[in-house]
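This is entry36.cif (mmCIF, C-alpha atoms and all ligand atoms).
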```
data_my_file
loop_
_atom_site.label_atom_id
_atom_site.label_comp_id
_atom_site.auth_asym_id
_atom_site.auth_seq_id
_atom_site.Cartn_x
_atom_site.Cartn_y
_atom_site.Cartn_z
CA MET A 74 -5.39 3.54 14.53
CA ASN A 75 -8.64 3.24 16.45
CA THR A 76 -11.31 0.69 15.64
CA LYS A 77 -14.03 3.35 15.43
CA LEU A 78 -12.34 4.67 12.31
CA LEU A 79 -12.29 1.19 10.75
CA ILE A 80 -15.93 0.58 11.60
CA GLY A 81 -16.82 3.93 10.03
CA ARG A 82 -15.02 2.95 6.82
CA ARG A 83 -16.83 -0.38 6.65
CA ASN A 84 -20.18 1.32 7.17
CA LYS A 85 -19.35 3.73 4.37
CA LEU A 86 -18.50 0.75 2.15
CA ALA A 87 -21.88 -0.77 3.01
CA LYS A 88 -23.62 2.27 1.53
CA GLY A 89 -22.32 1.35 -1.91
CA LEU A 90 -23.33 -2.31 -1.56
CA ASP A 91 -26.61 -4.08 -2.29
CA ILE A 92 -28.03 -7.10 -0.52
CA ALA A 93 -26.66 -10.25 -2.19
CA GLU A 94 -23.38 -8.54 -2.98
CA ILE A 95 -20.18 -9.70 -1.35
CA VAL A 96 -16.74 -8.11 -1.11
CA ILE A 97 -13.63 -10.27 -0.77
CA ILE A 98 -10.28 -8.62 -0.08
CA PHE A 99 -7.07 -10.63 0.07
CA ALA A 100 -4.09 -9.41 2.07
CA SER A 101 -0.67 -9.42 0.39
CA SER A 102 1.64 -12.42 0.67
CA MET A 103 5.11 -12.38 2.13
CA PRO A 104 7.55 -11.80 -0.76
CA ASP A 105 11.04 -13.28 -1.03
CA TYR A 106 14.01 -11.20 0.04
CA PRO A 107 15.07 -8.52 -0.99
CA ARG A 108 11.52 -7.25 -1.33
CA TYR A 109 9.82 -6.37 1.92
CA PHE A 110 6.24 -7.06 2.96
CA LEU A 111 3.86 -4.37 1.83
CA GLN A 112 0.24 -4.84 2.80
CA ASP A 113 -2.53 -4.58 0.21
CA ASN A 114 -3.85 -1.06 0.73
CA ASN A 115 -7.52 -1.98 0.52
CA PHE A 116 -7.06 -4.75 3.06
CA LEU A 117 -5.22 -2.40 5.40
CA TYR A 118 -7.78 0.36 4.89
CA PHE A 119 -10.71 -1.78 6.03
CA THR A 120 -9.02 -3.99 8.67
CA GLY A 121 -6.05 -2.06 10.06
CA LEU A 122 -4.11 -5.33 9.96
CA ASP A 123 -0.59 -5.55 8.62
CA ILE A 124 -0.40 -9.37 8.42
CA PRO A 125 0.23 -11.48 5.30
CA ASP A 126 -2.10 -14.00 3.67
CA ALA A 127 -5.33 -13.08 5.46
CA VAL A 128 -8.72 -12.56 3.80
CA VAL A 129 -11.64 -10.36 4.79
CA ILE A 130 -15.17 -10.53 3.47
CA PHE A 131 -18.01 -8.03 3.72
CA LYS A 132 -21.70 -8.61 3.08
CA LYS A 133 -24.64 -6.32 3.44
CA LEU A 134 -27.33 -7.55 5.80
CA LYS A 135 -30.34 -5.22 5.91
CA ASN A 136 -28.79 -1.91 6.94
CA LYS A 137 -25.70 -3.35 8.52
CA ILE A 138 -22.47 -4.73 7.21
CA TYR A 139 -21.37 -8.23 8.12
CA SER A 140 -17.60 -8.65 8.29
CA GLU A 141 -15.63 -11.86 8.64
CA LEU A 142 -11.89 -12.17 8.82
CA PHE A 143 -9.78 -15.22 8.01
CA ILE A 144 -6.27 -15.41 9.46
CA GLU A 145 -3.46 -17.96 9.58
CA ARG A 146 -3.64 -20.55 12.34
CA GLY A 147 -0.51 -20.64 14.47
CA ILE A 148 1.29 -23.99 14.35
CA PRO A 149 3.61 -24.29 17.38
CA GLU A 150 6.40 -26.15 15.51
CA ARG A 151 6.53 -23.43 12.88
CA GLU A 152 6.17 -20.58 15.32
CA VAL A 153 9.50 -21.63 16.83
CA TRP A 154 11.08 -20.53 13.54
CA GLU A 155 8.79 -17.79 12.30
CA GLY A 156 7.51 -16.25 15.51
CA LYS A 157 3.96 -16.12 16.80
CA LYS A 158 1.06 -15.56 14.44
CA LEU A 159 -1.44 -12.87 15.32
CA SER A 160 -4.04 -14.40 17.67
CA ARG A 161 -7.76 -14.21 17.02
CA GLU A 162 -8.19 -12.04 20.10
CA LYS A 163 -5.57 -9.56 18.96
CA ALA A 164 -6.95 -9.49 15.40
CA LYS A 165 -10.38 -8.75 16.82
CA GLU A 166 -9.00 -6.01 19.06
CA ILE A 167 -7.19 -4.24 16.20
CA SER A 168 -9.82 -4.61 13.49
CA GLY A 169 -13.01 -4.46 15.54
CA ILE A 170 -14.29 -7.42 13.51
CA ASP A 171 -16.13 -9.95 15.69
CA SER A 172 -16.18 -13.00 13.40
CA ILE A 173 -12.69 -14.31 13.06
CA SER A 174 -11.95 -17.70 11.48
CA TYR A 175 -8.84 -19.49 10.35
CA LEU A 176 -7.79 -19.69 6.73
CA ASP A 177 -8.23 -23.48 6.66
CA GLU A 178 -11.97 -22.83 7.09
CA PHE A 179 -12.09 -20.26 4.28
CA GLU A 180 -13.09 -22.54 1.41
CA ARG A 181 -16.03 -24.13 3.23
CA LYS A 182 -17.32 -20.89 4.69
CA ILE A 183 -16.95 -18.81 1.56
CA ASN A 184 -19.00 -21.34 -0.38
CA LEU A 185 -21.86 -20.83 2.07
CA HIS A 186 -21.64 -17.08 1.68
CA LEU A 187 -21.41 -17.24 -2.10
CA ASN A 188 -24.46 -19.48 -2.35
CA GLY A 189 -26.77 -16.55 -1.73
CA SER A 190 -24.73 -13.95 -3.61
CA LYS A 191 -25.27 -12.46 -7.06
CA LYS A 192 -22.24 -10.23 -7.34
CA CYS A 193 -18.76 -10.48 -5.92
CA PHE A 194 -16.15 -7.71 -5.69
CA VAL A 195 -12.54 -8.92 -5.44
CA ASN A 196 -9.16 -7.19 -5.37
CA THR A 197 -7.69 -9.36 -8.09
CA ASN A 198 -5.02 -6.88 -9.28
CA SER A 199 -5.29 -8.55 -12.68
CA GLY A 200 -1.67 -7.89 -13.67
CA ASP A 201 0.37 -9.27 -16.52
CA ILE A 202 -1.21 -12.03 -18.60
CA SER A 203 2.16 -13.77 -19.03
CA GLU A 204 2.53 -14.20 -15.24
CA PRO A 205 1.20 -17.29 -13.48
CA LEU A 206 -2.18 -16.72 -11.81
CA ASN A 207 -1.93 -15.31 -8.30
CA LYS A 208 -3.95 -16.87 -5.50
CA LYS A 209 -6.75 -14.32 -5.87
CA GLN A 210 -7.11 -15.15 -9.56
CA VAL A 211 -7.07 -18.88 -8.81
CA PHE A 212 -9.83 -18.28 -6.29
CA VAL A 213 -11.94 -16.35 -8.80
CA GLN A 214 -11.45 -19.07 -11.41
CA LYS A 215 -12.58 -21.80 -9.02
CA VAL A 216 -15.61 -19.85 -7.84
CA ARG A 217 -16.65 -19.12 -11.41
CA GLU A 218 -16.69 -22.80 -12.23
CA ARG A 219 -18.78 -23.58 -9.18
CA PHE A 220 -21.13 -20.57 -9.18
CA SER A 221 -21.60 -19.55 -12.79
CA HIS A 222 -24.41 -17.13 -11.89
CA ILE A 223 -22.15 -14.81 -9.87
CA LEU A 224 -20.96 -11.63 -11.53
CA PHE A 225 -17.42 -10.57 -10.71
CA ALA A 226 -16.21 -7.01 -10.47
CA ASP A 227 -13.00 -5.30 -9.53
CA ILE A 228 -13.16 -3.55 -6.21
CA SER A 229 -11.76 -0.16 -7.24
CA GLY A 230 -15.03 1.55 -8.22
CA LEU A 231 -16.58 0.52 -4.93
CA ILE A 232 -13.82 1.77 -2.67
CA ARG A 233 -13.10 5.00 -4.54
CA PRO A 234 -15.72 7.13 -2.70
CA CYS A 235 -14.24 5.94 0.61
CA ARG A 236 -10.54 6.31 -0.01
CA THR A 237 -10.51 9.61 -1.92
CA ILE A 238 -11.94 11.57 1.01
CA LYS A 239 -9.23 11.52 3.66
CA GLU A 240 -10.04 11.39 7.36
CA LYS A 241 -8.17 13.56 9.85
CA TRP A 242 -6.09 10.58 10.91
CA GLU A 243 -5.12 9.83 7.32
CA ILE A 244 -4.12 13.45 6.74
CA SER A 245 -1.92 13.28 9.83
CA GLN A 246 -0.17 10.20 8.39
CA ILE A 247 0.42 11.95 5.06
CA GLN A 248 1.64 15.04 6.91
CA LYS A 249 4.13 12.97 8.90
CA ALA A 250 5.40 11.32 5.73
CA ILE A 251 5.77 14.76 4.11
CA ASP A 252 7.58 16.32 7.09
CA ILE A 253 10.09 13.48 7.31
CA THR A 254 10.59 13.53 3.54
CA GLY A 255 11.23 17.27 3.92
CA ASP A 256 13.95 16.60 6.51
CA GLY A 257 15.55 14.20 4.05
CA ILE A 258 15.39 16.75 1.22
CA LYS A 259 16.89 19.50 3.39
CA SER A 260 19.69 17.19 4.45
CA ILE A 261 20.39 16.26 0.82
CA ILE A 262 20.54 19.91 -0.26
CA GLU A 263 22.96 20.63 2.60
CA LYS A 264 25.28 17.69 1.97
CA ALA A 265 25.23 17.37 -1.82
CA LYS A 266 28.48 18.27 -3.60
CA PRO A 267 29.61 18.05 -7.21
CA GLY A 268 31.31 14.71 -7.86
CA MET A 269 29.02 12.70 -5.59
CA MET A 270 26.97 9.84 -7.01
CA GLU A 271 23.20 10.22 -7.17
CA TYR A 272 22.82 7.10 -4.99
CA GLU A 273 24.81 8.77 -2.23
CA LEU A 274 22.00 11.32 -2.02
CA GLU A 275 19.54 8.42 -1.97
CA ALA A 276 21.42 7.02 1.04
CA ILE A 277 21.10 10.35 2.86
CA LEU A 278 17.35 10.31 2.23
CA GLN A 279 16.99 6.70 3.41
CA TYR A 280 19.01 7.48 6.54
CA GLU A 281 16.85 10.49 7.45
CA ILE A 282 13.64 8.55 6.85
CA THR A 283 14.72 5.55 8.93
CA ARG A 284 16.21 7.71 11.67
CA ASN A 285 12.85 9.46 11.96
CA GLY A 286 10.97 6.22 12.50
CA LEU A 287 9.62 5.37 9.06
CA ARG A 288 10.79 2.12 7.48
CA HIS A 289 10.40 2.71 3.79
CA MET A 290 9.57 4.96 0.90
CA GLY A 291 6.24 5.10 -0.89
CA PHE A 292 7.88 4.62 -4.30
CA LYS A 293 11.28 4.25 -5.87
CA PRO A 294 13.04 7.59 -5.40
CA ILE A 295 14.14 9.61 -8.42
CA ILE A 296 17.47 11.35 -7.87
CA ALA A 297 18.41 12.78 -11.23
CA ALA A 298 21.34 15.07 -11.96
CA GLY A 299 21.66 17.24 -15.06
CA GLY A 300 20.22 15.67 -18.20
CA ASN A 301 18.93 12.64 -16.26
CA ALA A 302 16.20 14.92 -14.92
CA ALA A 303 14.70 15.07 -18.40
CA THR A 304 13.89 11.34 -18.17
CA LEU A 305 10.59 11.44 -16.30
CA HIS A 306 10.90 8.10 -14.52
CA TYR A 307 14.67 7.94 -14.14
CA GLU A 308 15.28 5.51 -11.27
CA ALA A 309 18.82 4.28 -11.88
CA ASN A 310 20.28 6.95 -9.55
CA ASN A 311 23.79 5.86 -10.52
CA SER A 312 25.37 8.84 -12.27
CA ARG A 313 28.04 11.17 -11.00
CA ILE A 314 26.80 14.72 -10.35
CA GLY A 315 28.54 17.33 -12.49
CA LYS A 316 29.80 20.69 -11.26
CA ASP A 317 27.17 23.04 -12.59
CA GLU A 318 24.29 20.61 -12.64
CA MET A 319 20.93 20.78 -10.96
CA VAL A 320 19.59 17.71 -9.17
CA LEU A 321 15.93 16.80 -9.41
CA LEU A 322 14.52 14.86 -6.44
CA ASP A 323 11.13 13.16 -6.69
CA VAL A 324 10.80 11.30 -3.42
CA GLY A 325 8.41 10.32 -0.66
CA ALA A 326 8.55 8.45 2.62
CA ALA A 327 5.59 6.26 3.59
CA CYS A 328 3.93 6.37 7.00
CA ASN A 329 1.54 3.48 7.70
CA ASN A 330 1.42 3.05 3.91
CA TYR A 331 0.48 6.73 3.34
CA SER A 332 2.96 8.23 0.93
CA ALA A 333 4.41 11.68 0.48
CA ASP A 334 5.25 12.68 -3.09
CA ILE A 335 7.56 15.69 -3.28
CA SER A 336 9.75 17.02 -6.06
CA ARG A 337 12.45 19.62 -5.59
CA THR A 338 15.21 20.76 -7.93
CA PHE A 339 18.37 22.46 -6.66
CA PRO A 340 21.81 23.53 -7.94
CA VAL A 341 24.44 21.15 -6.57
CA SER A 342 27.11 23.86 -6.35
CA GLY A 343 24.82 26.18 -4.39
CA LYS A 344 24.31 28.63 -7.26
CA PHE A 345 21.98 28.42 -10.26
CA THR A 346 23.41 29.40 -13.62
CA LYS A 347 21.52 32.26 -15.25
CA ARG A 348 19.69 29.90 -17.57
CA GLN A 349 18.86 27.40 -14.82
CA LYS A 350 17.49 30.19 -12.68
CA ALA A 351 15.29 31.47 -15.52
CA VAL A 352 13.80 28.00 -16.11
CA TYR A 353 13.43 27.36 -12.39
CA GLN A 354 11.63 30.65 -11.80
CA GLU A 355 9.12 29.88 -14.55
CA VAL A 356 8.30 26.45 -13.09
CA LEU A 357 8.03 27.91 -9.60
CA ASN A 358 5.56 30.54 -10.82
CA VAL A 359 3.39 27.85 -12.40
CA ASN A 360 3.58 25.69 -9.26
CA LYS A 361 2.32 28.60 -7.15
CA ALA A 362 -0.34 29.71 -9.62
CA ILE A 363 -1.85 26.23 -9.90
CA ILE A 364 -1.84 25.63 -6.13
CA LYS A 365 -3.79 28.88 -5.73
CA ILE A 366 -6.70 27.68 -7.87
CA VAL A 367 -7.20 24.41 -5.99
CA LYS A 368 -10.64 24.25 -4.37
CA PRO A 369 -13.72 22.03 -4.35
CA GLY A 370 -15.47 21.95 -7.73
CA VAL A 371 -12.28 22.39 -9.76
CA SER A 372 -11.36 19.27 -11.74
CA LEU A 373 -7.97 17.72 -12.43
CA PRO A 374 -8.43 18.41 -16.17
CA ASP A 375 -9.05 22.10 -15.23
CA LEU A 376 -5.68 22.14 -13.45
CA ASN A 377 -4.01 20.51 -16.46
CA LYS A 378 -5.51 23.00 -18.88
CA LYS A 379 -4.35 25.98 -16.85
CA THR A 380 -0.87 24.46 -16.45
CA VAL A 381 -0.51 23.95 -20.20
CA GLU A 382 -1.49 27.59 -20.76
CA LEU A 383 1.05 28.90 -18.28
CA ILE A 384 3.86 26.55 -19.32
CA SER A 385 3.33 27.33 -23.00
CA ASP A 386 3.78 31.05 -22.27
CA ALA A 387 6.88 30.27 -20.21
CA LEU A 388 8.40 28.17 -23.01
CA VAL A 389 7.94 31.04 -25.45
CA ARG A 390 9.62 33.42 -22.99
CA LEU A 391 12.49 30.95 -22.59
CA LYS A 392 12.79 30.90 -26.40
CA LEU A 393 12.28 27.15 -26.53
CA ILE A 394 9.19 27.22 -28.76
CA LYS A 395 7.59 29.77 -31.06
CA ASP A 396 4.20 28.14 -31.45
CA LYS A 397 2.47 27.45 -28.13
CA LYS A 398 1.05 24.21 -29.54
CA ASP A 399 4.56 22.74 -29.33
CA TYR A 400 4.63 22.81 -25.51
CA GLN A 401 4.61 19.00 -25.35
CA LYS A 402 8.21 18.92 -26.41
CA TYR A 403 9.18 20.26 -22.97
CA PHE A 404 6.21 19.38 -20.71
CA MET A 405 4.63 15.98 -21.20
CA HIS A 406 2.88 14.80 -18.04
CA ASN A 407 -0.19 15.64 -16.00
CA VAL A 408 0.15 18.28 -13.32
CA SER A 409 -1.75 16.43 -10.62
CA HIS A 410 -2.90 13.10 -9.21
CA HIS A 411 -4.56 11.93 -6.03
CA LEU A 412 -2.20 10.99 -3.22
CA GLY A 413 -2.77 8.55 -0.37
CA MET A 414 -1.97 4.93 0.37
CA ASP A 415 -1.04 4.54 -3.27
CA THR A 416 1.30 7.26 -4.51
CA HIS A 417 -0.94 7.53 -7.55
CA ASP A 418 -3.99 7.04 -5.40
CA VAL A 419 -7.49 5.90 -6.37
CA GLY A 420 -9.54 8.82 -7.63
CA GLY A 421 -8.95 8.91 -11.36
CA ARG A 422 -7.44 11.41 -13.74
CA ASP A 423 -10.70 13.24 -14.46
CA SER A 424 -12.07 13.71 -10.95
CA VAL A 425 -13.69 16.88 -9.67
CA LEU A 426 -12.11 17.95 -6.40
CA LYS A 427 -13.92 17.63 -3.09
CA ALA A 428 -12.95 18.76 0.39
CA GLY A 429 -10.82 16.02 1.92
CA ASN A 430 -8.99 15.08 -1.28
CA VAL A 431 -5.21 15.18 -1.21
CA ILE A 432 -3.55 15.85 -4.57
CA THR A 433 -0.14 16.74 -5.95
CA VAL A 434 0.68 19.84 -7.99
CA GLU A 435 3.78 19.16 -10.05
CA PRO A 436 4.55 21.28 -13.11
CA GLY A 437 7.91 20.83 -14.82
CA ILE A 438 10.02 21.87 -17.77
CA TYR A 439 12.43 19.37 -19.32
CA ILE A 440 15.11 20.45 -21.82
CA PRO A 441 17.31 17.43 -22.62
CA GLU A 442 19.46 19.37 -25.11
CA GLU A 443 20.48 21.74 -22.30
CA LYS A 444 20.75 18.99 -19.65
CA ILE A 445 18.07 20.75 -17.63
CA GLY A 446 15.03 19.26 -15.96
CA VAL A 447 13.00 21.10 -13.32
CA ARG A 448 9.98 19.79 -11.46
CA ILE A 449 8.51 21.33 -8.33
CA GLU A 450 5.87 19.21 -6.63
CA ASP A 451 3.81 19.97 -3.54
CA ASP A 452 1.13 17.92 -1.78
CA ILE A 453 -2.14 19.81 -1.37
CA LEU A 454 -5.15 19.12 0.82
CA VAL A 455 -8.44 20.35 -0.63
CA THR A 456 -10.36 22.16 2.10
CA LYS A 457 -13.95 23.43 2.30
CA ASP A 458 -13.04 26.82 0.91
CA GLY A 459 -9.74 26.26 -0.82
CA TYR A 460 -6.58 24.39 -0.04
CA LYS A 461 -3.81 23.76 2.44
CA ASN A 462 -0.28 23.20 1.19
CA LEU A 463 0.94 20.29 3.33
CA SER A 464 4.50 20.62 2.03
CA LYS A 465 4.92 24.38 2.29
CA LYS A 466 7.78 24.03 4.79
CA ILE A 467 10.02 22.28 2.28
CA PRO A 468 12.26 24.92 0.63
CA LYS A 469 11.54 25.87 -2.96
CA GLU A 470 12.34 29.60 -3.18
CA ILE A 471 15.52 30.43 -5.09
CA GLU A 472 17.05 32.17 -2.05
CA GLU A 473 16.44 29.08 0.06
CA LEU A 474 18.19 26.80 -2.43
CA GLU A 475 21.27 28.96 -3.01
CA ILE A 476 24.16 29.36 -0.61
MN MN B 501 3.68 12.86 -8.16
#
```

Would you write the structure of this file as structure tokens?
Ligand SMILES: [Mn+2]
Amino acid sequence: MNTKLLIGRRNKLAKGLDIAEIVIIFASSMPDYPRYFLQDNNFLYFTGLDIPDAVVIFKKLKNKIYSELFIERGIPEREVWEGKKLSREKAKEISGIDSISYLDEFERKINLHLNGSKKCFVNTNSGDISEPLNKKQVFVQKVRERFSHILFADISGLIRPCRTIKEKWEISQIQKAIDITGDGIKSIIEKAKPGMMEYELEAILQYEITRNGLRHMGFKPIIAAGGNAATLHYEANNSRIGKDEMVLLDVGAACNNYSADISRTFPVSGKFTKRQKAVYQEVLNVNKAIIKIVKPGVSLPDLNKKTVELISDALVRLKLIKDKKDYQKYFMHNVSHHLGMDTHDVGGRDSVLKAGNVITVEPGIYIPEEKIGVRIEDDILVTKDGYKNLSKKIPKEIEELEI
């Protein structure tokens, strides 16, 4: 990533800030095994740094933004065990931030900055009230005691205008994640056989992703055979796949924290049953119809409304409901969300689309009593005059899924 991009993002952030406002973003901490380190997306977005336990602050000075970064100081005795910490020079080179201090100076320096501030934006990630306070919350608590005049606010509203409009570089990261996810999906469809466990298909996906240079997935993959596909967030992936079952995949690799989010449903034996094909065709038609209406000015609720209309008609045709109002029995989620560094990215459920947004389109029909669940999800870039389907190369036509 080049520093120009990062500087541009920080300048954009400055536009939403007033003098006497300060932004404090904490990096993630290193978790215990078996969880792997995953950087805080806001920290990564504004610094480009993938290191744990750092802090960055932003303040508006006249028309410019002042940035200061706090990183861990390398202690030679510990570095023998843990490896070298990122140097100040290297941190400066990657982030383009000139003022770099060590974390042991954070408390003293932040107090000076806070002295003149009226409002402070922090990425607290408030979380579960039964959990012990995380270090960000401890920080906020301390500052509140010391500076009772400072208002605190969560950072999400401030960063939303930045992160929802994707830069070219970000789109290329999402595209790479999608393409590699697509390779994984194709490989799964090729290798899947009745009698295999769902987690064997997960292993194929993980292998393809790793082999192609990405280290992890953007979210826990859903690999759901037969009736499991009717559980929307089925993540156990530990059932045996039956002979005539379809398998629903809802998966996405992550590239530099940018996630793909793709759903495909295929017949494990290579042939749909008549009923499966009928349901599949209906969902596919809705998927295509909704993608076609994506353009700037259309809102996510507009997409939902149209989806409900189309799915209700389909459910009547499939003889599942008589009254269209009953559609919720077989379709119970939203058709779209923003996609980016977070799989369900910042942007909100009610947003009006703008060029540069990336969203999912994911209609589905779930019939637990028939052990059928179909979802077809594509990732769509909103362009100036319409859309670009970033996942159009991943097979979804009936002929492509049958052998
Ligand atoms: Mn999705």

- Task: One decimal, Å: what's the distance from atom CA of Ile223 of chain A over to atom CA of Leu187 of chain A, could you say?
- Result: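 One can read the atom CA of Ile223 of chain A to atom CA of Leu187 of chain A distance as 8.2 Å.
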
- 9 Å shell around ligand MN 501 (chain B) using only C-alpha atoms and all ligand atoms, listed as a list in words: Asp323, Val324, Ala333, Asp334, Ile335, Ser336, Val408, Ser409, His410, His411, Leu412, Thr416, His417, Ile432, Thr433, Val434, Glu435, Glu450, Asp451 and Asp452 of chain A

The selected residues should be written to file as a JSON list (two decimals), keeping the file's coordinate frame (atoms: C-alpha atoms).
```json
[["chain", "number", "residue", "atom", "x", "y", "z"],
["A", 323, "ASP", "CA", 11.13, 13.16, -6.69],
["A", 324, "VAL", "CA", 10.80, 11.30, -3.42],
["A", 333, "ALA", "CA", 4.41, 11.68, 0.48],
["A", 334, "ASP", "CA", 5.25, 12.68, -3.09],
["A", 335, "ILE", "CA", 7.56, 15.69, -3.28],
["A", 336, "SER", "CA", 9.75, 17.02, -6.06],
["A", 408, "VAL", "CA", 0.15, 18.28, -13.32],
["A", 409, "SER", "CA", -1.75, 16.43, -10.62],
["A", 410, "HIS", "CA", -2.90, 13.10, -9.21],
["A", 411, "HIS", "CA", -4.56, 11.93, -6.03],
["A", 412, "LEU", "CA", -2.20, 10.99, -3.22],
["A", 416, "THR", "CA", 1.30, 7.26, -4.51],
["A", 417, "HIS", "CA", -0.94, 7.53, -7.55],
["A", 432, "ILE", "CA", -3.55, 15.85, -4.57],
["A", 433, "THR", "CA", -0.14, 16.74, -5.95],
["A", 434, "VAL", "CA", 0.68, 19.84, -7.99],
["A", 435, "GLU", "CA", 3.78, 19.16, -10.05],
["A", 450, "GLU", "CA", 5.87, 19.21, -6.63],
["A", 451, "ASP", "CA", 3.81, 19.97, -3.54],
["A", 452, "ASP", "CA", 1.13, 17.92, -1.78]]
```

- Message: I'd like to know which of A:Val425, A:Leu111, A:Ala302, A:Lys209 is closest to Cys328 of chain A, using all atoms listed in the file.
- Response: A:Leu111

- Item | Minimum-distance residue to Leu78 of chain A, chosen among A:Arg151, A:Lys259, A:Arg219, A:Lys241 (using only C-alpha atoms) |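 Comparing A:Arg151, A:Lys259, A:Arg219, A:Lys241 against Leu78 of chain A, the winner is A:Lys241.
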
- Message: I'd like to know which of A:Val455, A:Cys193, A:Ala326, A:Ala303 is closest to Glu443 of chain A, using only C-alpha atoms.
- Response: A:Ala303

- Task: Skip segment 274-286 of chain A itself and residues of its chain fewer than 5 positions away, then list as an MDAnalysis selection string all residues within 7 Å of it, counting only C-alpha atoms.
- Result: chainID A and resid 253:254 256:258 261 265 296 326

- If you count all atoms listed in the file, the residue of A:Lys316, A:Lys165, A:Thr120, A:Ser174 closest to Arg146 of chain A turns out to be A:Ser174

- Show which residues sit within 8 Å of segment 390-407 of chain A, as a ChimeraX atom specification. Count all atoms listed in the file, and ignore same-chain residues fewer than 2 positions away. /A:351-352,377,381,384-388,409-410,435-440

- Å distance separating atom CA of Glu382 of chain A from atom CA of Glu355 of chain A, one decimal place: 12.5 Å

- Message: Around the point (-5.8, -19.6, 5.1) (coordinates from the file), which residues reach within 8 Å if we count only C-alpha atoms? Answer as a PyMOL selection string.
- Response: chain A and resi 126-128+143-146+175-179

- Task: Extract, using only C-alpha atoms, all DNA, RNA and protein residues at most 8 Å from segment 307-310 of chain A, discarding same-chain residues fewer than 5 positions from it, and format them as a list of chain:residue names.
- Result: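 The filter keeps A:Met270, A:Glu271, A:Tyr272, A:Glu275, A:Lys293, A:Pro294, A:Ile295, A:Ile296, A:Ala297, A:Asn301, A:Ala302.
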
- Query: Of the residues A:Gly459, A:Gly255, A:Gly81, A:Gly446, which is the one nearest to Gly300 of chain A, using all atoms listed in the file?
  - Reply: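 Among A:Gly459, A:Gly255, A:Gly81, A:Gly446, it is A:Gly446 that comes nearest to Gly300 of chain A.
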